[in-house]
Amino acid sequence: MDTAPLTVASPEEPQETLRILIADDNDSDRLILQTIVRKEGHTVYTARDGQEAIDIFREQSPDIVLLDALMPNVDGFEAARTIKALAGDDLVPIIFLTSLRDATSLADCLAAGGLDFLSKPYNRIILQAKIKAFASMRRLHETVQRQRDEISLHNDRLIHEQEVAKQVFDNIAHPGCIDAPNIKYLLSPMAVFNGDLVLASRKPSGGMYVFLGDFTGHGLPAAIGAMPVSEIFYGMAQKGFSLQDILREINKKLKRILPVGVFCCACMYDLSFRKRSAEVWVGGLPDILVYRKKTRVIENLPSRHLPLGVVDNDRFKTETSVIPLDFGDKVFLWSDGIMEATNDRGEMFGEDRVRDVIASTPDADAIFSAIEAAVEKHAGRGEQDDDYTMVEVTMVNEEDMGEYFSDRGKSFLAGGPKDWSMTYELRPQTLREFNPLPLITHLLMEVPGLRPHSGKIYTILSELYSNALEHGVLGLQSDLKASADGFARYYLERTKKLSDLYAGSVKFHIDHHPVKDGGVLTIVVEDTGPGFDFKAREQASHKKEGYSGRGIPLIRTMCRSVRYLEPGNKVEVVFDWHVDV
Amino acid sequence: MAIWSTEASSGELTIKIQGRFDFSAHQEFRDAYEKVSEEPKGYIVDMKETTYLDSSALGMLLLLRDHAGGDNSHIEIVNCNPDVKKILTISNFEQLFTIR
């Protein structure tokens with residue numbers, strides 16, 4: 001934005017040429033005055049009565065008007081009123097010329113819009129001084145007017161920029177599924193410029209995340225942080241990342257981009273319909289209140305953490321509280337705007353008043369609007385430029401959500417690859433130089449809803465891959481790992497053999513097909529080794545005490561089945577998964 | 001709102017904040033720790049006469065912490081009234097400052 005400097009004209013500028021209108025019906029008086037004023041270097045227009053004065057004013061718009069009070073046709077008083085009306089917002093100093101002496105007449109001059117009067121006969125010094133004084137007053141007025149116009153222009157531009165910025169913010173920091181039937185919320189339309197942010201997203205595994213953030217400060221600086229928070233929140237929520245993962249990512253990002261001293265007080269709420277519970281993290285916001293519908297008891301969940309963006313991730317903590325919820329139980333999240341809404345006696349609304357409102361509202365579904373009304377009554381203002389941000393999330397039976405979730409839920413799990421298979425063969429050069437597991441895991445995580453199982457899947461893949469590579473292709477014996485000494489030797493040999501590898505391969509065959517609320521993932525890993533006597537190994541595996549042989553039994557606890565195929569160089573794992581485990 | 005700072009012979013800088021501690025105190029608060037003759041060994045923020053604290057004040061405390069060496073800083077916030085203490089507690093600032 002270009003900001004033209006606001007200049008203030010100095011009232012002590014050197015002699016300037018003014019255009020001065022003199023109206024007097026007395027020819028000699030007019031001539032005397034005209035001579036004096038002209039000698040000062042000003043341009044003079046003359047009029048013989050009020051009407052002429054008005055006409056000349058219309059044509060010439062002079063800077064200063066000297067007006068005889070008593071004139072034929074239109075007198076000075078009326079001419080002054082008309083000229084003032086014509087001048088509009090501009091200041092045209094009118095000085096009355098008068099031989100009247102009584103206080104009432106002089107007061108009439110001022111009442112008619114004159115700024116001063118000049119008594120006849122004229123004193124040259126006083127006349128000069130007055131013209132000078134009024135000229136500078138006029139300049140000052142012009143400066144103020146110009147600045148006012150500039151400010152108003154800047155303001156218009158600022159509002160326009162904010163409107164455009166708001167559209168961008170609304171597209172990015174959209175409130176997601178905040179309009180779900182089990183959510184009520186209060187958020188000023190310009191909240192993003194108060195630094196307040198409300199986000200809600202359906203989880204691929206069912207359930208929903210709600211995020212309420214409150215950035216320090218106001219205006220654009222506060223709004224800027226909302227963009228990455230929103231992007232991370234929606235991006236990760238839809239991929240099925242955990243609450244902890246999302247918070248850590250947001251914290252990392254904000255810590256990196258925000259200047260010291262700017263941060264985001266926040267709470268994040270993870271509601272699971274099927275488990276009938278919620279997980280809550282609060283950092284720097286007022287206590288979350290949990291309202292139990294059956295008992296009408298109110299419980300507090302206080303902030304236990306630093307706000308987001310204050311400390312690095314190694315000091316950032318993501319411990320949460322888990323609360324069981326019954327149908328109809330409500331949870332209230334808010335920024336400090338509600339709690340700190342102040343009445344004319346300077347008292348903040350505070351949690352006690354919130355509790356009073358809840359206690360005196362028997363109908364649970366009326367609580368939200370009752371709190372809203374009470375805050376507005378307390379603060380005594382109804383306008384919208386406040387920063388009251390509040391969200392109520394009710395635990396409901398997912399089926400009671402009606403169309404809203406069934407439709408969204410379907411479309412939500414509908415996107416992405418669900419029914420596919422692939423074969424991926426890794427030849428020696430790739431085996432030597434590349435770890436395929438992150439790539440395969442990444443590919444699998446594109447299956448909607450599978451993300452929460454990423455830990456297990458990674459374990460399965462890495463166990464199968466290392467067995468195929470190390471025992472199958474490289475021919476290493478796991479017996480070596482029986483002692484601590486051998487363990488080290490095993491890995492030394494692994495490195496050496498791998499760098500000398502020029503034959504053999506490991507082949508993944510992965511198949512996924514969807515079933516209701518989940519899917520079946522089949523992973524087959526085959527190597528070019530000779531295979532091994534898996535029947536004997538299965539007999540013995542549960543007796544082993546060494547450093548090896550734990551992988552396959554571990555995988556067995558995670559999957560439907562683990563099956564070796566003859567001649568023992570091929571293993572098949574079937575993994576069943578369901579949403580909201 | 002007014003802010004004073006005094007350097008003790010023990011090498012600690014005490015910053016006293018009177019009245020509301022909010023964004024209007026920004027420059028004065030910075031001056032209080034930036035315009036000192038010697039780098040202090042530690043800082044004491046005396047909130048005895050502080051009536052209120054807003055989130056930008058929390059930001060200013062973080063700026064002081066950064067100025068004083070971040071994780072290696074020694075900053076005590078003392079004499080907080082219950083309202084001020086509550087705000088510091090909600091934000092869990094006891095993890096970053098010594099609050100007495």
# chains A, B, ... in the order shown; residues from 1 in each chain; ligands from 1
>>> closest_atom_pairs(of="chain B", to="chain A", cutoff="8 Å", atoms="only C-alpha atoms", output="tab-separated table")
residue	atom	partner	partner_atom	distance
B:Ser55	CA	A:Thr216	CA	5.6
B:Ser56	CA	A:Thr216	CA	5.8
B:Leu58	CA	A:Gly261	CA	7.2
B:Gly59	CA	A:Gly261	CA	3.6
B:Met60	CA	A:Gly261	CA	5.8
B:Leu61	CA	A:Gly261	CA	7.4
B:Leu62	CA	A:Gly261	CA	5.2
B:Leu63	CA	A:Gly261	CA	5.5
B:Asp66	CA	A:Val260	CA	7.4
B:Ile90	CA	A:Gly284	CA	4.9
B:Ser91	CA	A:Gly284	CA	3.8
B:Asn92	CA	A:Leu306	CA	5.1
B:Phe93	CA	A:Leu306	CA	6.7
B:Gln95	CA	A:Leu306	CA	7.7
>>> write_last_selection(atoms="C-alpha atoms", output="compact mmCIF listing (two decimals), in the first residue's frame")
# COMPACT_ATOMS: atom_id res chain seq x y z
CA SER B 55 -2.55 -12.01 25.69
CA SER B 56 -0.30 -9.38 24.14
CA LEU B 58 1.97 -12.68 27.58
CA GLY B 59 3.61 -12.11 24.22
CA MET B 60 5.74 -9.34 25.71
CA LEU B 61 6.84 -11.66 28.49
CA LEU B 62 7.91 -14.16 25.82
CA LEU B 63 9.88 -11.39 24.09
CA ASP B 66 13.85 -14.44 24.29
CA ILE B 90 -4.17 -20.93 31.96
CA SER B 91 -1.29 -20.32 29.58
CA ASN B 92 0.92 -22.65 31.60
CA PHE B 93 3.64 -20.03 31.76
CA GLN B 95 6.77 -23.99 32.33
>>> residues_around(residues="Thr320 in chain A", least_positions_apart="5", cutoff="7 Å", atoms="only C-alpha atoms", output="ChimeraX atom specification")
/A:279-281
>>> write_last_selection(atoms="C-alpha atoms", output="short mmCIF file (atom, residue, chain, number, x, y, z; two decimals), in the first residue's frame")
data_model
loop_
_atom_site.label_atom_id
_atom_site.label_comp_id
_atom_site.auth_asym_id
_atom_site.auth_seq_id
_atom_site.Cartn_x
_atom_site.Cartn_y
_atom_site.Cartn_z
CA GLU A 279 -10.02 -36.68 23.88
CA VAL A 280 -9.17 -33.09 24.76
CA TRP A 281 -6.06 -30.95 24.62
#
>>> select_by_dssp(residues="range 300-498 of chain A", states="helix (DSSP H, G or I)", output="ChimeraX atom specification")
/A:336-339,350-359,364-379,398-401,403-414,428-433,437-444,451-473,478-482,484-498
>>> closest_residue(among="B:Lys48, B:Arg100, B:Ser5, B:Lys85", to="Lys35 in chain B", atoms="only C-alpha atoms")
B:Ser5
>>> residues_around(residues="Asp245 in chain A", least_positions_apart="3", cutoff="12 Å", atoms="only C-alpha atoms", output="PDB file with C-alpha atoms, in the first residue's frame")
ATOM      1  CA  ILE A 232      -2.500 -28.473   8.476  1.00  0.00           C
ATOM      2  CA  PHE A 233      -5.692 -29.236  10.395  1.00  0.00           C
ATOM      3  CA  GLY A 235      -4.985 -31.836   5.487  1.00  0.00           C
ATOM      4  CA  MET A 236      -3.977 -34.092   8.356  1.00  0.00           C
ATOM      5  CA  ALA A 237      -7.472 -34.688   9.755  1.00  0.00           C
ATOM      6  CA  LYS A 239      -5.711 -38.327   6.131  1.00  0.00           C
ATOM      7  CA  GLY A 240      -6.554 -39.761   9.526  1.00  0.00           C
ATOM      8  CA  PHE A 241      -3.641 -38.416  11.557  1.00  0.00           C
ATOM      9  CA  SER A 242      -4.054 -38.463  15.311  1.00  0.00           C
ATOM     10  CA  ARG A 248       2.658 -31.271  16.942  1.00  0.00           C
ATOM     11  CA  GLU A 249       2.657 -30.294  13.291  1.00  0.00           C
ATOM     12  CA  ILE A 250       0.748 -27.070  13.955  1.00  0.00           C
ATOM     13  CA  ASN A 251       3.010 -26.210  16.859  1.00  0.00           C
ATOM     14  CA  LYS A 252       6.122 -26.848  14.806  1.00  0.00           C
ATOM     15  CA  MET A 268      -8.543 -29.440  20.190  1.00  0.00           C
ATOM     16  CA  ASN A 313       8.481 -29.520  19.479  1.00  0.00           C
ATOM     17  CA  PHE A 316       5.896 -29.370  23.329  1.00  0.00           C
ATOM     18  CA  LYS A 317       3.541 -31.689  25.186  1.00  0.00           C
ATOM     19  CA  THR A 318       0.503 -33.431  23.785  1.00  0.00           C
ATOM     20  CA  GLU A 319      -0.906 -35.236  26.825  1.00  0.00           C
ATOM     21  CA  ARG A 451      -4.060 -44.097   8.303  1.00  0.00           C
ATOM     22  CA  PRO A 452      -4.714 -44.889  11.997  1.00  0.00           C
TER      23      PRO A 452
END
>>> residues_around(residues="Glu39 in chain B", least_positions_apart="4", cutoff="10 Å", atoms="only C-alpha atoms", output="list in words")
Glu7, Gly11, Glu12, Leu13, Tyr33, Glu34, Lys35 and Ala68 of chain B
>>> closest_residue(among="B:Ile17, B:Ala25, B:Ile75, B:Leu53", to="Pro40 in chain B", atoms="only C-alpha atoms")
B:Ile75
>>> select_by_dssp(residues="range 301-541 of chain A", states="strand (DSSP E or B)", output="MDAnalysis selection string")
chainID A and resid 301 305 308 321:324 330:334 342 348 390:394 420:426 506:515 518:527
>>> atom_distance(atom1="CA of Asp419 in chain A", atom2="CA of Lys507 in chain A")
20.1 Å
>>> residues_around(residues="Met47 in chain B", least_positions_apart="3", cutoff="8 Å", atoms="only C-alpha atoms", output="number ranges by chain")
B: 16-18, 50, 77-81
>>> atom_distance(atom1="CA of Asp75 in chain A", atom2="CA of Val37 in chain A")
22.4 Å
>>> atom_distance(atom1="CA of Gln429 in chain A", atom2="CA of Val525 in chain A")
18.3 Å
>>> residues_around(residues="range 81-95 of chain A", least_positions_apart="6", cutoff="7 Å", atoms="only C-alpha atoms", output="JSON, numbers by chain")
{"A": [54, 63, 64, 65, 66, 67, 112, 113, 114, 115, 116, 117, 118, 134, 138, 141]}
>>> closest_residue(among="B:Tyr43, B:Leu64, B:Ile99, B:Ser73", to="Ala8 in chain B", atoms="only C-alpha atoms")
B:Tyr43
>>> residues_around(residues="Val562 in chain A", least_positions_apart="4", cutoff="10 Å", atoms="only C-alpha atoms", output="PyMOL selection string")
chain A and resi 522-524+552-553+555-558+571-575
>>> write_last_selection(atoms="N, CA and C atoms", output="CSV table (one decimal), in the first residue's frame")
chain,number,residue,atom,x,y,z
A,522,THR,N,-3.9,-57.6,2.0
A,522,THR,CA,-3.1,-58.8,1.9
A,522,THR,C,-1.7,-58.4,1.4
A,523,ILE,N,-0.7,-58.8,2.1
A,523,ILE,CA,0.6,-58.5,1.7
A,523,ILE,C,1.4,-59.8,1.5
A,524,VAL,N,1.9,-60.0,0.3
A,524,VAL,CA,2.7,-61.2,0.1
A,524,VAL,C,4.1,-60.7,-0.3
A,552,ILE,N,8.0,-62.3,13.6
A,552,ILE,CA,6.8,-63.0,13.1
A,552,ILE,C,5.8,-63.2,14.2
A,553,PRO,N,6.2,-63.7,15.4
A,553,PRO,CA,5.1,-63.8,16.5
A,553,PRO,C,4.4,-62.5,16.8
A,555,ILE,N,3.9,-60.0,14.6
A,555,ILE,CA,3.0,-59.8,13.5
A,555,ILE,C,1.7,-60.6,13.6
A,556,ARG,N,1.9,-61.9,14.1
A,556,ARG,CA,0.7,-62.7,14.3
A,556,ARG,C,-0.3,-62.1,15.2
A,557,THR,N,0.1,-61.3,16.2
A,557,THR,CA,-0.8,-60.7,17.1
A,557,THR,C,-1.6,-59.6,16.4
A,558,MET,N,-1.1,-59.1,15.3
A,558,MET,CA,-1.7,-57.9,14.7
A,558,MET,C,-2.7,-58.3,13.5
A,571,VAL,N,5.8,-65.3,2.0
A,571,VAL,CA,5.0,-65.3,3.1
A,571,VAL,C,3.8,-64.4,2.8
A,572,GLU,N,2.6,-64.8,3.3
A,572,GLU,CA,1.4,-64.0,3.1
A,572,GLU,C,0.8,-63.6,4.4
A,573,VAL,N,0.5,-62.3,4.5
A,573,VAL,CA,-0.1,-61.7,5.7
A,573,VAL,C,-1.4,-61.1,5.3
A,574,VAL,N,-2.5,-61.5,6.1
A,574,VAL,CA,-3.8,-60.8,5.8
A,574,VAL,C,-4.2,-60.0,7.0
A,575,PHE,N,-4.4,-58.7,6.7
A,575,PHE,CA,-4.7,-57.7,7.8
A,575,PHE,C,-6.1,-57.2,7.6
>>> decode(residues="range 349-374 of chain A", atoms="N, CA and C atoms", output="compact mmCIF listing (two decimals), in the first residue's frame")
# COMPACT_ATOMS: atom_id res chain seq x y z
N PHE A 349 -17.37 -11.29 32.72
CA PHE A 349 -18.48 -12.24 32.76
C PHE A 349 -18.10 -13.47 33.59
N GLY A 350 -17.01 -14.10 33.24
CA GLY A 350 -16.43 -15.14 34.09
C GLY A 350 -17.18 -16.46 34.12
N GLU A 351 -16.47 -17.48 34.62
CA GLU A 351 -17.02 -18.82 34.61
C GLU A 351 -18.21 -18.97 35.56
N ASP A 352 -18.18 -18.24 36.69
CA ASP A 352 -19.27 -18.38 37.66
C ASP A 352 -20.60 -18.01 37.02
N ARG A 353 -20.60 -16.94 36.22
CA ARG A 353 -21.85 -16.54 35.57
C ARG A 353 -22.27 -17.59 34.54
N VAL A 354 -21.30 -18.16 33.84
CA VAL A 354 -21.63 -19.22 32.88
C VAL A 354 -22.32 -20.37 33.62
N ARG A 355 -21.75 -20.75 34.75
CA ARG A 355 -22.33 -21.84 35.54
C ARG A 355 -23.74 -21.49 36.02
N ASP A 356 -23.92 -20.23 36.42
CA ASP A 356 -25.25 -19.80 36.87
C ASP A 356 -26.26 -19.94 35.74
N VAL A 357 -25.85 -19.51 34.54
CA VAL A 357 -26.76 -19.58 33.39
C VAL A 357 -27.12 -21.04 33.12
N ILE A 358 -26.13 -21.92 33.15
CA ILE A 358 -26.41 -23.33 32.88
C ILE A 358 -27.34 -23.91 33.94
N ALA A 359 -27.07 -23.54 35.21
CA ALA A 359 -27.89 -24.08 36.30
C ALA A 359 -29.33 -23.61 36.18
N SER A 360 -29.54 -22.41 35.67
CA SER A 360 -30.91 -21.88 35.61
C SER A 360 -31.57 -22.15 34.25
N THR A 361 -30.95 -22.99 33.45
CA THR A 361 -31.56 -23.35 32.15
C THR A 361 -31.81 -24.85 32.12
N PRO A 362 -33.03 -25.26 32.51
CA PRO A 362 -33.29 -26.71 32.60
C PRO A 362 -33.23 -27.42 31.25
N ASP A 363 -33.60 -26.72 30.19
CA ASP A 363 -33.59 -27.34 28.87
C ASP A 363 -32.16 -27.30 28.31
N ALA A 364 -31.55 -28.46 28.24
CA ALA A 364 -30.13 -28.53 27.83
C ALA A 364 -29.90 -27.88 26.47
N ASP A 365 -30.90 -28.02 25.59
CA ASP A 365 -30.70 -27.48 24.25
C ASP A 365 -30.81 -25.96 24.20
N ALA A 366 -31.24 -25.35 25.31
CA ALA A 366 -31.36 -23.89 25.33
C ALA A 366 -30.15 -23.23 25.97
N ILE A 367 -29.23 -24.07 26.47
CA ILE A 367 -28.09 -23.51 27.21
C ILE A 367 -27.25 -22.57 26.36
N PHE A 368 -26.96 -23.02 25.15
CA PHE A 368 -26.05 -22.25 24.30
C PHE A 368 -26.57 -20.83 24.07
N SER A 369 -27.84 -20.73 23.65
CA SER A 369 -28.38 -19.40 23.36
C SER A 369 -28.55 -18.61 24.66
N ALA A 370 -28.78 -19.31 25.78
CA ALA A 370 -28.91 -18.60 27.06
C ALA A 370 -27.58 -17.96 27.46
N ILE A 371 -26.48 -18.68 27.22
CA ILE A 371 -25.17 -18.11 27.53
C ILE A 371 -24.91 -16.90 26.64
N GLU A 372 -25.21 -17.07 25.35
CA GLU A 372 -24.99 -15.98 24.40
C GLU A 372 -25.76 -14.72 24.82
N ALA A 373 -27.04 -14.93 25.19
CA ALA A 373 -27.87 -13.79 25.59
C ALA A 373 -27.33 -13.15 26.86
N ALA A 374 -26.90 -14.00 27.81
CA ALA A 374 -26.42 -13.48 29.09
C ALA A 374 -25.14 -12.65 28.90
